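Trainee: Below: one structure in structure tokens.
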Amino acid sequence: MDLAKVVGSITSVSKLEQLKPVKLFVVHILGSDFGPTGNYGVAVDTVGVGYGDIVLITTGSAAKMTEITKEIPTDTSIVARVDNAGDRQ
């Protein structure tokens with residue numbers, strides 16, 4: 001799992017039938033210090049996040065382990081919105 005910040009959304013008129021009910025977001029991967037890493041990805045939203053939210057993402061086979069993504073061709077899913085990161089040093 002990684003921390004990321006939602007920095008954009010993807011709109012697609014033409015896409016696979018399985019992707020039609022889900023929202024796709026551009027995420028900027030964050031380091032352990034919550035700073036940007038320069039790495040980006042596109043993730044399926046499973047929890048209802050929005051622009052600017054800090055989120056927890058899963059990648060690889062773990063990205064397909066939710067009720068929403070089990071039949072969707074994805075390798076990155078947003079699985080939580082981070083409300084409080086605790087002690088940021």
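Just remember, in the structure tokens the first chain shown is A, the second B, etc., residues are 1-based per chain, and ligands are 1-based in the order shown.
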Just the residues within 6 Å of stretch 55-58 of chain A, please, counting only C-alpha atoms, with nothing from its chain fewer than 5 positions along; format it as a list in words.
Mentor: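 Answer for this query is Met1, Asp2, Leu3, Ala4, Ala63, Thr76, Ser77, Ile78, Val79, Ala80, Arg81 and Val82 of chain A.
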Trainee: Once DSSP has gone over the backbone, tell me which residues of chain A are in strand (DSSP E), as an MDAnalysis selection string.
Mentor: chainID A and resid 2:10 24:30 36:45 54:59 76:81
Trainee: Would you save the residues of that selection, restricted to N, CA and C atoms, as an mmCIF file, in the first residue's frame?
Mentor:
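The resulting file, result.cif, is shown below:
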```cif
data_model
loop_
_atom_site.group_PDB
_atom_site.id
_atom_site.type_symbol
_atom_site.label_atom_id
_atom_site.label_comp_id
_atom_site.auth_asym_id
_atom_site.auth_seq_id
_atom_site.Cartn_x
_atom_site.Cartn_y
_atom_site.Cartn_z
ATOM 1 N N ASP A 2 0.360 2.282 -0.619
ATOM 2 C CA ASP A 2 1.068 3.550 -0.697
ATOM 3 C C ASP A 2 0.120 4.695 -0.389
ATOM 4 N N LEU A 3 0.703 5.805 0.058
ATOM 5 C CA LEU A 3 -0.045 7.043 0.208
ATOM 6 C C LEU A 3 0.008 7.792 -1.105
ATOM 7 N N ALA A 4 -1.065 8.506 -1.431
ATOM 8 C CA ALA A 4 -1.114 9.283 -2.667
ATOM 9 C C ALA A 4 -2.051 10.461 -2.477
ATOM 10 N N LYS A 5 -1.916 11.450 -3.347
ATOM 11 C CA LYS A 5 -2.817 12.595 -3.347
ATOM 12 C C LYS A 5 -3.571 12.602 -4.664
ATOM 13 N N VAL A 6 -4.887 12.783 -4.602
ATOM 14 C CA VAL A 6 -5.705 12.846 -5.811
ATOM 15 C C VAL A 6 -5.457 14.206 -6.463
ATOM 16 N N VAL A 7 -4.937 14.167 -7.701
ATOM 17 C CA VAL A 7 -4.573 15.414 -8.384
ATOM 18 C C VAL A 7 -5.360 15.653 -9.672
ATOM 19 N N GLY A 8 -6.215 14.731 -10.047
ATOM 20 C CA GLY A 8 -6.998 14.911 -11.264
ATOM 21 C C GLY A 8 -7.953 13.756 -11.478
ATOM 22 N N SER A 9 -8.804 13.922 -12.448
ATOM 23 C CA SER A 9 -9.741 12.851 -12.788
ATOM 24 C C SER A 9 -9.596 12.501 -14.253
ATOM 25 N N ILE A 10 -10.048 11.327 -14.595
ATOM 26 C CA ILE A 10 -9.995 10.838 -15.970
ATOM 27 C C ILE A 10 -11.434 10.742 -16.483
ATOM 28 N N LEU A 24 -12.298 7.179 -12.256
ATOM 29 C CA LEU A 24 -10.847 7.019 -12.362
ATOM 30 C C LEU A 24 -10.183 8.337 -11.988
ATOM 31 N N PHE A 25 -9.154 8.264 -11.144
ATOM 32 C CA PHE A 25 -8.447 9.456 -10.704
ATOM 33 C C PHE A 25 -6.954 9.338 -10.963
ATOM 34 N N VAL A 26 -6.334 10.479 -11.266
ATOM 35 C CA VAL A 26 -4.879 10.572 -11.331
ATOM 36 C C VAL A 26 -4.397 10.799 -9.907
ATOM 37 N N VAL A 27 -3.453 9.987 -9.468
ATOM 38 C CA VAL A 27 -2.910 10.124 -8.123
ATOM 39 C C VAL A 27 -1.409 10.375 -8.184
ATOM 40 N N HIS A 28 -0.929 11.240 -7.284
ATOM 41 C CA HIS A 28 0.492 11.533 -7.151
ATOM 42 C C HIS A 28 0.968 10.754 -5.929
ATOM 43 N N ILE A 29 1.872 9.807 -6.151
ATOM 44 C CA ILE A 29 2.372 8.962 -5.072
ATOM 45 C C ILE A 29 3.183 9.822 -4.104
ATOM 46 N N LEU A 30 2.971 9.612 -2.797
ATOM 47 C CA LEU A 30 3.664 10.365 -1.760
ATOM 48 C C LEU A 30 4.665 9.482 -1.033
ATOM 49 N N PRO A 36 5.831 14.799 -2.260
ATOM 50 C CA PRO A 36 5.656 14.176 -3.578
ATOM 51 C C PRO A 36 6.898 13.402 -4.006
ATOM 52 N N THR A 37 6.685 12.296 -4.691
ATOM 53 C CA THR A 37 7.798 11.480 -5.180
ATOM 54 C C THR A 37 8.097 11.723 -6.652
ATOM 55 N N GLY A 38 7.168 12.366 -7.350
ATOM 56 C CA GLY A 38 7.321 12.537 -8.792
ATOM 57 C C GLY A 38 6.702 11.400 -9.584
ATOM 58 N N ASN A 39 6.161 10.406 -8.889
ATOM 59 C CA ASN A 39 5.510 9.270 -9.552
ATOM 60 C C ASN A 39 3.999 9.448 -9.519
ATOM 61 N N TYR A 40 3.362 9.124 -10.629
ATOM 62 C CA TYR A 40 1.914 9.272 -10.772
ATOM 63 C C TYR A 40 1.307 7.956 -11.224
ATOM 64 N N GLY A 41 0.000 7.826 -11.039
ATOM 65 C CA GLY A 41 -0.718 6.667 -11.521
ATOM 66 C C GLY A 41 -2.181 7.003 -11.715
ATOM 67 N N VAL A 42 -2.912 6.061 -12.285
ATOM 68 C CA VAL A 42 -4.361 6.182 -12.431
ATOM 69 C C VAL A 42 -4.962 5.077 -11.571
ATOM 70 N N ALA A 43 -5.940 5.460 -10.726
ATOM 71 C CA ALA A 43 -6.519 4.507 -9.787
ATOM 72 C C ALA A 43 -8.038 4.505 -9.872
ATOM 73 N N VAL A 44 -8.616 3.335 -9.648
ATOM 74 C CA VAL A 44 -10.059 3.178 -9.548
ATOM 75 C C VAL A 44 -10.478 3.589 -8.140
ATOM 76 N N ASP A 45 -11.491 4.447 -8.043
ATOM 77 C CA ASP A 45 -11.994 4.898 -6.747
ATOM 78 C C ASP A 45 -13.012 3.906 -6.210
ATOM 79 N N ILE A 54 -5.943 13.021 0.402
ATOM 80 C CA ILE A 54 -4.844 12.080 0.615
ATOM 81 C C ILE A 54 -5.500 10.713 0.756
ATOM 82 N N VAL A 55 -4.994 9.738 0.012
ATOM 83 C CA VAL A 55 -5.632 8.422 -0.035
ATOM 84 C C VAL A 55 -4.614 7.312 0.152
ATOM 85 N N LEU A 56 -5.129 6.144 0.455
ATOM 86 C CA LEU A 56 -4.330 4.933 0.524
ATOM 87 C C LEU A 56 -4.655 4.124 -0.722
ATOM 88 N N ILE A 57 -3.631 3.723 -1.463
ATOM 89 C CA ILE A 57 -3.854 2.941 -2.673
ATOM 90 C C ILE A 57 -3.208 1.563 -2.538
ATOM 91 N N THR A 58 -3.797 0.610 -3.229
ATOM 92 C CA THR A 58 -3.200 -0.711 -3.352
ATOM 93 C C THR A 58 -2.910 -0.959 -4.820
ATOM 94 N N THR A 59 -1.906 -1.757 -5.077
ATOM 95 C CA THR A 59 -1.523 -2.053 -6.456
ATOM 96 C C THR A 59 -1.383 -3.561 -6.656
ATOM 97 N N THR A 76 -4.438 -0.643 -9.838
ATOM 98 C CA THR A 76 -4.325 0.361 -8.782
ATOM 99 C C THR A 76 -5.724 0.780 -8.337
ATOM 100 N N SER A 77 -5.982 0.663 -7.031
ATOM 101 C CA SER A 77 -7.282 1.028 -6.479
ATOM 102 C C SER A 77 -7.104 1.917 -5.260
ATOM 103 N N ILE A 78 -8.000 2.900 -5.137
ATOM 104 C CA ILE A 78 -8.054 3.728 -3.933
ATOM 105 C C ILE A 78 -8.942 2.982 -2.947
ATOM 106 N N VAL A 79 -8.386 2.651 -1.765
ATOM 107 C CA VAL A 79 -9.128 1.844 -0.803
ATOM 108 C C VAL A 79 -9.451 2.583 0.496
ATOM 109 N N ALA A 80 -8.914 3.798 0.675
ATOM 110 C CA ALA A 80 -9.219 4.578 1.884
ATOM 111 C C ALA A 80 -8.884 6.042 1.654
ATOM 112 N N ARG A 81 -9.641 6.908 2.312
ATOM 113 C CA ARG A 81 -9.310 8.333 2.384
ATOM 114 C C ARG A 81 -8.630 8.539 3.724
#
```
Trainee: I need the residue nearest A:Val47 from this list: A:Gln18, A:Gly31, A:Thr11, A:Thr69. Use only C-alpha atoms for the distance.
Mentor: A:Thr69
Trainee: I'd like the neighbourhood of stretch 70-73 of chain A as an MDAnalysis selection string, where a residue qualifies if any of its atoms comes within 9 Å (using only C-alpha atoms), though same-chain residues fewer than 4 positions away should be ignored.
Mentor: chainID A and resid 16 18:19 63:66
Trainee: Atom CA of A:Glu17 and atom CA of A:Ala62 are how many Å apart?
Mentor: 21.4 Å
Trainee: Separation of atom CA of A:Ser32 and atom CA of A:Glu67, in Å?
Mentor: 28.4 Å
Trainee: Please compute the atom CA of A:Ser14-atom CA of A:Thr74 distance, one decimal, in Å.
Mentor: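 Separation of atom CA of A:Ser14 and atom CA of A:Thr74: 16.4 Å.
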Trainee: Let's see if you can do this: from backbone DSSP, list all helix (DSSP H, G or I) residues in chain A, as a list in words.
Mentor: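 Written out, the helix (DSSP H, G or I) residues of chain A are Glu17, Gln18, Leu19, Gly60, Ser61, Ala62, Ala63 and Lys64 of chain A.
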